[in-house]
Structures are given as C-alpha cells and as structure tokens.
>>> print(open('work01.cif').read())   # mmCIF, C-alpha atoms
data_protein
#
loop_
_atom_site.label_atom_id
_atom_site.label_comp_id
_atom_site.auth_asym_id
_atom_site.auth_seq_id
_atom_site.Cartn_x
_atom_site.Cartn_y
_atom_site.Cartn_z
CA MET A 5 82.64 114.41 101.68
CA SER A 6 83.93 114.16 98.11
CA ASP A 7 81.58 113.87 95.14
CA GLU A 8 84.30 112.14 93.19
CA GLU A 9 84.92 108.48 92.62
CA VAL A 10 88.52 107.27 92.51
CA VAL A 11 88.60 105.14 89.37
CA LEU A 12 92.29 104.33 89.53
CA GLN A 13 95.00 104.90 92.14
CA SER A 14 98.53 104.26 90.93
CA PRO A 15 101.78 103.68 92.83
CA LEU A 16 103.31 106.07 90.28
CA LEU A 17 101.52 108.65 92.43
CA TYR A 18 98.55 109.66 90.34
CA ARG A 19 94.80 109.08 90.52
CA VAL A 20 92.07 109.03 87.90
CA LEU A 21 88.81 110.42 89.22
CA ARG A 22 85.26 110.58 87.93
CA GLY A 23 83.26 113.66 88.89
CA ARG A 24 79.55 113.80 89.60
CA ASP A 25 78.97 114.85 85.98
CA GLY A 26 80.82 111.75 84.75
CA ALA A 27 83.86 113.66 83.51
CA LEU A 28 87.26 112.08 84.12
CA SER A 29 90.25 113.94 85.49
CA ILE A 30 93.75 112.85 86.38
CA GLU A 31 95.51 114.11 89.50
CA VAL A 32 99.28 113.74 89.40
CA LEU A 33 101.96 114.34 92.02
CA VAL A 34 104.64 116.46 90.38
CA GLY A 35 107.92 117.96 91.52
CA GLY A 36 111.21 116.80 92.98
CA ILE A 37 112.32 117.76 96.49
CA VAL A 38 108.97 119.55 96.83
CA GLN A 39 105.95 117.60 95.64
CA PHE A 40 102.44 118.87 94.95
CA GLU A 41 99.41 117.82 92.94
CA VAL A 42 98.11 119.11 89.62
CA ARG A 43 94.92 118.11 87.84
CA VAL A 44 94.04 117.78 84.18
CA LEU A 45 90.53 117.22 82.84
CA LEU A 46 90.55 114.48 80.22
CA ASN A 47 89.23 115.52 76.82
CA ASP A 48 86.99 113.27 74.70
CA GLU A 49 89.89 111.60 72.95
CA GLU A 50 91.72 110.90 76.21
CA THR A 51 88.52 109.62 77.83
CA ALA A 52 88.07 107.21 74.95
CA SER A 53 91.69 106.08 75.18
CA PHE A 54 91.33 105.49 78.92
CA ALA A 55 88.14 103.48 78.34
CA LYS A 56 90.00 101.35 75.79
CA GLU A 57 93.44 100.98 77.38
CA GLY A 58 92.86 101.68 81.07
CA ARG A 59 95.98 101.84 83.24
CA ALA A 60 98.41 101.73 80.30
CA PHE A 61 96.98 104.96 78.91
CA ALA A 62 96.74 106.57 82.36
CA ASP A 63 100.40 105.71 83.05
CA ARG A 64 101.47 107.40 79.82
CA MET A 65 99.37 110.48 80.49
CA ALA A 66 100.60 110.78 84.09
CA GLN A 67 104.22 110.46 82.96
CA ALA A 68 103.65 113.13 80.32
CA ILE A 69 102.24 115.46 83.00
CA MET A 70 105.15 114.72 85.37
CA ALA A 71 107.57 115.51 82.55
CA ASP A 72 105.86 118.83 81.84
CA PRO A 73 103.51 119.84 84.68
CA PRO A 74 101.98 122.87 82.90
CA PHE A 75 100.84 120.35 80.25
CA ASP A 76 100.28 123.03 77.61
CA GLY A 77 98.39 125.16 80.10
CA ARG A 78 95.83 122.45 80.80
CA SER A 79 96.84 121.60 84.38
CA VAL A 80 95.69 123.37 87.53
CA ARG A 81 97.31 123.25 90.95
CA TRP A 82 95.25 121.01 93.26
CA PRO A 83 93.61 121.37 95.71
CA VAL A 84 92.59 124.91 94.83
CA LEU A 85 93.52 126.99 97.89
CA MET B 14 158.08 80.82 143.22
CA ASN B 15 160.76 81.87 140.77
CA SER B 16 158.66 80.89 137.79
CA ILE B 17 155.70 82.91 139.08
CA PHE B 18 157.92 85.98 139.43
CA ARG B 19 159.23 85.54 135.87
CA ALA B 20 155.72 85.25 134.47
CA LEU B 21 154.61 88.42 136.23
CA LEU B 22 157.72 90.30 135.04
CA LEU B 23 157.19 89.25 131.41
CA GLY B 24 153.55 90.24 131.55
CA SER B 25 154.43 93.70 132.88
CA LEU B 26 157.12 94.22 130.25
CA SER B 27 154.83 93.31 127.37
CA THR B 28 152.23 95.79 128.65
CA VAL B 29 154.83 98.58 128.82
CA VAL B 30 156.18 97.77 125.34
CA GLY B 31 152.63 97.65 123.95
CA CYS B 32 151.80 101.08 125.39
CA ALA B 33 155.05 102.57 124.11
CA SER B 34 154.45 101.29 120.60
CA MET B 35 150.93 102.78 120.61
CA ARG B 36 152.28 106.13 121.86
CA GLY B 37 155.02 106.41 119.30
CA GLY B 38 153.28 104.75 116.35
CA THR B 39 150.77 106.08 113.82
CA LYS B 40 147.08 105.89 114.62
CA PRO B 41 145.20 103.42 112.45
CA THR B 42 143.28 105.34 109.78
CA PRO B 43 139.51 104.87 110.06
CA PRO B 44 137.97 103.04 107.14
CA PRO B 45 136.26 105.29 104.57
CA PRO B 46 132.50 105.63 105.12
CA ALA B 47 130.51 103.03 103.26
CA SER B 48 129.15 104.16 99.90
CA LEU B 49 125.36 104.49 99.87
CA VAL B 50 125.46 102.75 96.50
CA ASP B 51 126.49 99.60 98.36
CA ASN B 52 122.90 99.48 99.58
CA CYS B 53 121.57 99.26 96.01
CA ASP B 54 120.55 96.17 94.06
CA ASP B 55 122.31 95.33 90.81
CA THR B 56 119.85 97.34 88.70
CA GLN B 57 120.33 100.54 90.68
CA LYS B 58 124.09 99.97 90.92
CA ALA B 59 124.20 99.86 87.13
CA VAL B 60 122.18 103.09 86.84
CA SER B 61 124.46 104.73 89.41
CA LYS B 62 127.56 103.63 87.53
CA GLU B 63 126.23 105.20 84.32
CA ALA B 64 125.31 108.40 86.16
CA ASP B 65 128.75 108.64 87.74
CA ALA B 66 130.39 108.10 84.35
CA LEU B 67 128.28 110.93 82.94
CA ALA B 68 129.17 113.20 85.89
CA SER B 69 132.86 112.17 85.91
CA PRO B 70 135.14 113.16 87.59
CA TYR B 71 132.32 113.87 90.05
CA GLY B 72 130.16 111.06 91.41
CA ILE B 73 127.67 110.05 94.06
CA ASP B 74 130.30 109.40 96.76
CA GLN B 75 131.86 112.87 96.36
CA HIS B 76 128.38 114.39 96.18
CA VAL B 77 127.34 112.74 99.45
CA GLU B 78 130.59 113.69 101.21
CA LYS B 79 130.29 117.30 100.03
CA ASN B 80 126.59 117.92 100.59
CA PHE B 81 125.17 115.12 102.73
CA ALA B 82 127.94 114.61 105.29
CA ASP B 83 125.49 113.49 108.00
CA ARG B 84 123.71 111.20 105.51
CA LYS B 85 120.36 112.75 106.41
CA VAL B 86 117.87 113.83 103.76
CA SER B 87 114.57 115.69 103.78
CA TRP B 88 111.87 116.52 101.27
CA LEU B 89 108.53 118.30 101.31
CA MET B 90 105.10 117.42 100.03
CA THR B 91 101.68 118.97 100.40
CA ASP B 92 99.70 117.60 103.32
CA SER B 93 96.89 116.65 100.93
CA ALA B 94 99.29 114.59 98.80
CA TYR B 95 100.72 112.92 101.92
CA GLN B 96 97.21 111.90 102.98
CA LYS B 97 96.16 110.67 99.52
CA PHE B 98 99.31 108.91 98.37
CA VAL B 99 100.95 107.76 101.61
CA VAL B 100 98.43 107.47 104.46
CA GLN B 101 95.33 106.32 102.59
CA THR B 102 97.22 103.83 100.45
CA GLY B 103 99.31 102.46 103.36
CA ALA B 104 102.44 103.01 101.26
CA LYS B 105 105.53 101.10 102.43
CA ASN B 106 107.95 103.39 100.58
CA PHE B 107 107.94 107.05 99.67
CA GLY B 108 108.25 108.07 96.04
CA ARG B 109 106.95 107.10 92.64
CA CYS B 110 106.89 103.34 92.28
CA ASN B 111 107.06 101.19 89.17
CA ASP B 112 107.68 97.46 88.86
CA VAL B 113 111.36 97.94 89.71
CA ALA B 114 111.49 100.33 92.69
CA CYS B 115 110.20 103.52 94.31
CA TYR B 116 112.05 106.72 93.34
CA LEU B 117 112.30 109.80 95.53
CA PHE B 118 114.15 113.11 95.14
CA ALA B 119 115.62 114.36 98.41
CA ALA B 120 117.80 117.24 99.61
CA PRO B 121 120.13 117.69 102.60
CA ALA B 122 118.05 117.65 105.78
CA GLY B 123 119.83 120.73 107.11
CA THR B 124 118.98 122.72 103.98
CA ILE B 125 115.27 121.86 104.05
CA GLN B 126 114.94 122.24 107.81
CA GLY B 127 116.80 125.57 107.74
CA ALA B 128 114.50 126.87 105.00
CA VAL B 129 111.40 125.74 106.89
CA GLU B 130 112.65 127.39 110.08
CA LYS B 131 113.33 130.63 108.20
CA ALA B 132 109.85 130.58 106.66
CA LYS B 133 107.98 130.23 109.98
CA THR B 134 105.49 133.03 110.58
CA PRO B 135 104.33 134.43 113.95
CA ASP B 136 100.96 132.65 113.59
CA GLY B 137 102.72 129.29 113.45
CA LYS B 138 102.30 128.81 109.70
CA HIS B 139 104.85 129.20 106.90
CA ASP B 140 105.50 131.85 104.27
CA PRO B 141 105.58 130.19 100.82
CA ALA B 142 107.56 133.08 99.36
CA VAL B 143 110.36 132.74 101.94
CA LEU B 144 110.46 128.96 101.53
CA GLY B 145 110.52 129.31 97.76
CA GLN B 146 113.34 131.83 97.84
CA ALA B 147 115.39 129.71 100.24
CA LEU B 148 115.07 126.62 98.04
CA GLY B 149 115.22 128.36 94.66
CA LEU B 150 111.75 127.26 93.61
CA PRO B 151 108.49 129.08 92.82
CA ALA B 152 106.51 130.13 95.91
CA LYS B 153 103.35 128.50 94.53
CA ASN B 154 104.95 125.09 95.09
CA PHE B 155 104.81 125.71 98.84
CA GLU B 156 101.26 126.97 99.27
CA GLY B 157 99.00 125.31 101.84
CA PRO B 158 99.88 122.93 104.68
CA LEU B 159 102.98 120.81 104.04
CA ARG B 160 104.68 117.75 105.46
CA MET B 161 108.43 117.59 105.92
CA MET B 162 110.01 114.14 105.85
CA THR B 163 113.47 113.29 107.19
CA LEU B 164 115.36 110.03 106.70
CA ASP B 165 118.78 108.84 107.89
CA LEU B 166 120.18 107.08 104.81
CA ALA B 167 123.15 105.52 106.57
CA ALA B 168 121.26 104.23 109.60
CA GLN B 169 118.60 102.63 107.41
CA LYS B 170 121.06 101.50 104.72
CA VAL B 171 119.05 103.05 101.90
CA CYS B 172 120.16 102.91 98.28
CA THR B 173 121.06 106.38 97.02
CA ARG B 174 122.50 107.60 93.71
CA LEU B 175 122.61 110.62 91.43
CA PRO B 176 119.24 111.29 89.76
CA VAL B 177 119.10 110.66 86.01
CA ASP B 178 116.88 111.84 83.15
CA ALA B 179 115.05 108.52 83.01
CA ASP B 180 113.90 108.61 86.64
CA PRO B 181 110.13 108.78 87.16
CA GLY B 182 108.95 112.31 87.80
CA VAL B 183 111.76 114.08 85.99
CA TRP B 184 110.72 117.36 84.40
CA LYS B 185 113.66 118.09 82.18
CA CYS B 186 114.80 121.69 81.71
CA THR B 187 114.85 122.81 78.10
CA THR B 188 116.78 126.07 78.45
CA PRO B 189 119.56 127.15 80.87
CA GLU B 190 117.19 129.78 82.30
CA ASP B 191 114.48 127.25 83.16
CA LYS B 192 113.59 126.94 86.84
CA ASP B 193 111.70 124.25 88.72
CA CYS B 194 112.90 121.51 86.40
CA PHE B 195 115.54 118.77 86.28
CA LYS B 196 119.18 119.27 85.32
CA PHE B 197 121.57 116.34 85.56
CA GLY B 198 124.43 116.70 88.04
CA GLY B 199 123.07 116.42 91.57
CA TYR B 200 121.67 119.92 91.97
CA THR B 201 118.18 121.31 91.44
CA SER B 202 117.67 124.14 88.98
CA GLY B 203 117.61 126.36 92.08
CA GLY B 204 121.05 125.13 93.17
CA VAL B 205 120.00 122.85 96.04
CA PRO B 206 121.87 119.51 96.25
CA GLU B 207 119.65 116.54 95.50
CA VAL B 208 119.91 112.77 95.37
CA MET B 209 117.70 109.96 94.17
CA VAL B 210 116.67 107.74 97.07
CA ILE B 211 115.47 104.26 96.19
CA ASN B 212 112.79 102.60 98.33
CA ALA B 213 112.77 105.15 101.18
CA PRO B 214 110.94 103.29 103.97
CA VAL B 215 107.88 105.09 105.35
CA ALA B 216 108.22 103.34 108.72
CA ASP B 217 111.73 104.71 109.32
CA THR B 218 111.00 108.27 108.18
CA GLN B 219 110.24 111.15 110.53
CA VAL B 220 107.27 113.22 109.39
CA ALA B 221 106.65 116.76 110.62
CA GLU B 222 103.66 118.99 110.00
CA ILE B 223 104.30 122.40 108.47
CA PRO B 224 100.98 124.28 108.92
#
>>> encode(input="work01.cif", output="structure tokens")
Amino acid sequence: MSDEEVVLQSPLLYRVLRGRDGALSIEVLVGGIVQFEVRVLLNDEETASFAKEGRAFADRMAQAIMADPPFDGRSVRWPVL
Amino acid sequence: MNSIFRALLLGSLSTVVGCASMRGGTKPTPPPPASLVDNCDDTQKAVSKEADALASPYGIDQHVEKNFADRKVSWLMTDSAYQKFVVQTGAKNFGRCNDVACYLFAAPAGTIQGAVEKAKTPDGKHDPAVLGQALGLPAKNFEGPLRMMTLDLAAQKVCTRLPVDADPGVWKCTTPEDKDCFKFGGYTSGGVPEVMVINAPVADTQVAEIP
C-alpha cells in the first residue's frame, strides 16, 4: 500500500504526488523506444508555483524533465530497484 | 441448332484468345503500398511534410520501406509505468497525449523482439546489459520487469511519420557523442530505426511480459 497521494495524473504521462510528509514530487515517463520513470522532488519555489498555477506549471516542469531527464542531477530512476 | 453451335464456338475462341494474351503479355504491376501518412489527419500530414522536407531526399515512405517492411513496430516500457500510465488510467492510446494527439516512439518489431530474445536469461528473466547493447542504449534503461508492445501499423491504419524535435518527450542531443537522446532523421542515437506513431490504439496492441 502506497503512502503517497496522487495529486495530479496527466495524459502527458507524468504524475504529481504528495508524500506522507507533505512534500511534492513529480514522476515523469521519459525515453523513446524504451520508456521508464524518473522522479524529482519539488523544491520550495516549485511547490509554490504548483500551488499557484497547478497543471500549467506541472506540464512545463514535466516537459523540462522529458527534454533533459537528468534534470541537473536532481532526478532519480523510479521505482528504486 | 446452327446458331447454338456458333455461340459455343465463339465462346471457346474468346477464352483461348484471352488465355494467350495473358500468357504473352506483361503482368499488371501491383500498386505501391499505401503510405502510412495517408492515415494521418491534416495536422500530422503537415508535420510529416515538414519532416520529409528536412530529411530530403529521404522521407517517411523510404524509411518505412527500408526498415519497417512488415509495417510492424514494437517498443518497451517498464512494467510499473505500464500499470500506472496505461492500465490504471484505462488509456485508449499509447504515448504522451496533448490536446492534439498521442505521440509514441517505436522501432521495428523484429529489432526489439530479437534484442529481447537475445537478452533472455536461463531463469526466465532478461539481462539489461545485453538488451542495452543490442539497442544501443544504457543498460539502466532496461532494469526491472518490462512490457513489450507490438502493433501492426498497416492492419490498424495508424498514422506514422518521422519524429521531429517538437514531439513530446524528445530529449535532444547536444553533442554528436551524446547517447540516449534524440537526433532527427529516423534513427535513435544508438542507430536503431524509429518512427513517431500517432494515436497507437491500446486495444489493438499485443502486450508481452518481459520478467
């Protein structure tokens, strides 16, 4: 059973999740002919932007992660195996 | 009686002449296979036209003939992603969807299936390193249980074109040495042929487990 709440599920193939501690993370499907998930924990600024803009901000962030999955070293492969 | 005989004789003669003309004449050339772009709406046709112009003198039709002769494509995704983004959401189409369409990268079915077969281990699982090497991608992309999807583009009349930089999910290469990223032209950075499939129907796609 997951301790996370799915806050937003997008047809662009990403999800925004809230952990038990209240922190938000975004899980994005990346890749081309082979697709896998990566996760990024939202920082304070991103959390505030998501609270203000909702899906519009999440779309932009997901697209930025798809365009550069390492995301400046902030992403982790998910689920952790 | 005489008229009946004449009718029979004429009928026999026309059959003989018809057979002779077929034997001596040229066989009718089969029509060229339908372009998969014919299955696209106007928006995707326009994108395909631009992509073909950029790739000229190459194009989607040559690409399909050369690398996708049987019109069958496959792609891989982690089992966890398949459950979260396809099963649990009841998705109608594979791929990343925006207001316009759903966009999916796919490779020749034979290439993916051959790589998967080669990567099978004695315990019934797969070796990510072998799969990665076969498809020219990092082994880490293939860790954990996978799903392999296969779709017959011609049978299902699915819109297909060359992928372009603006497609959702594109991770553009920044240097020629970059791997695991997008380069325009119909091939992955690892050299595997790829196409962009628009609105790949989940219901018509075969899904296989790769433990």
>>> axis_aligned_box(input="work01.cif", around="range 56-71 of chain A", padding_each_side="5 Å", output="JSON")
{"center_x": 98.8, "center_y": 108.2, "center_z": 80.6, "size_x": 27.6, "size_y": 24.5, "size_z": 19.6}
>>> interface_residues(input="work01.cif", of="chain A", to="chain B", cutoff="8 Å", atoms="all atoms listed in the file", output="PyMOL selection string")
chain A and resi 15-17+33-41+67+70-73+83+85
>>> resolve_selection(input="work01.cif", expression="the PyMOL selection byres ((chain B and resi 198) around 10)", output="PyMOL selection string")
chain B and resi 64-65+67-69+71-73+76+175-177+195-197+199-201+206-208
>>> residues_around(input="work01.cif", residues="Glu9 in chain A", least_positions_apart="5", cutoff="8 Å", atoms="all atoms listed in the file", output="list in words")
Leu21, Arg22 and Gly23 of chain A
>>> atom_distance(input="work01.cif", atom1="CA of Val129 in chain B", atom2="CA of Trp82 in chain A")
21.7 Å
>>> atom_distance(input="work01.cif", atom1="CA of Asp51 in chain B", atom2="CA of Gly123 in chain B")
23.8 Å
>>> atom_distance(input="work01.cif", atom1="CA of Asp180 in chain B", atom2="CA of Gly203 in chain B")
18.9 Å
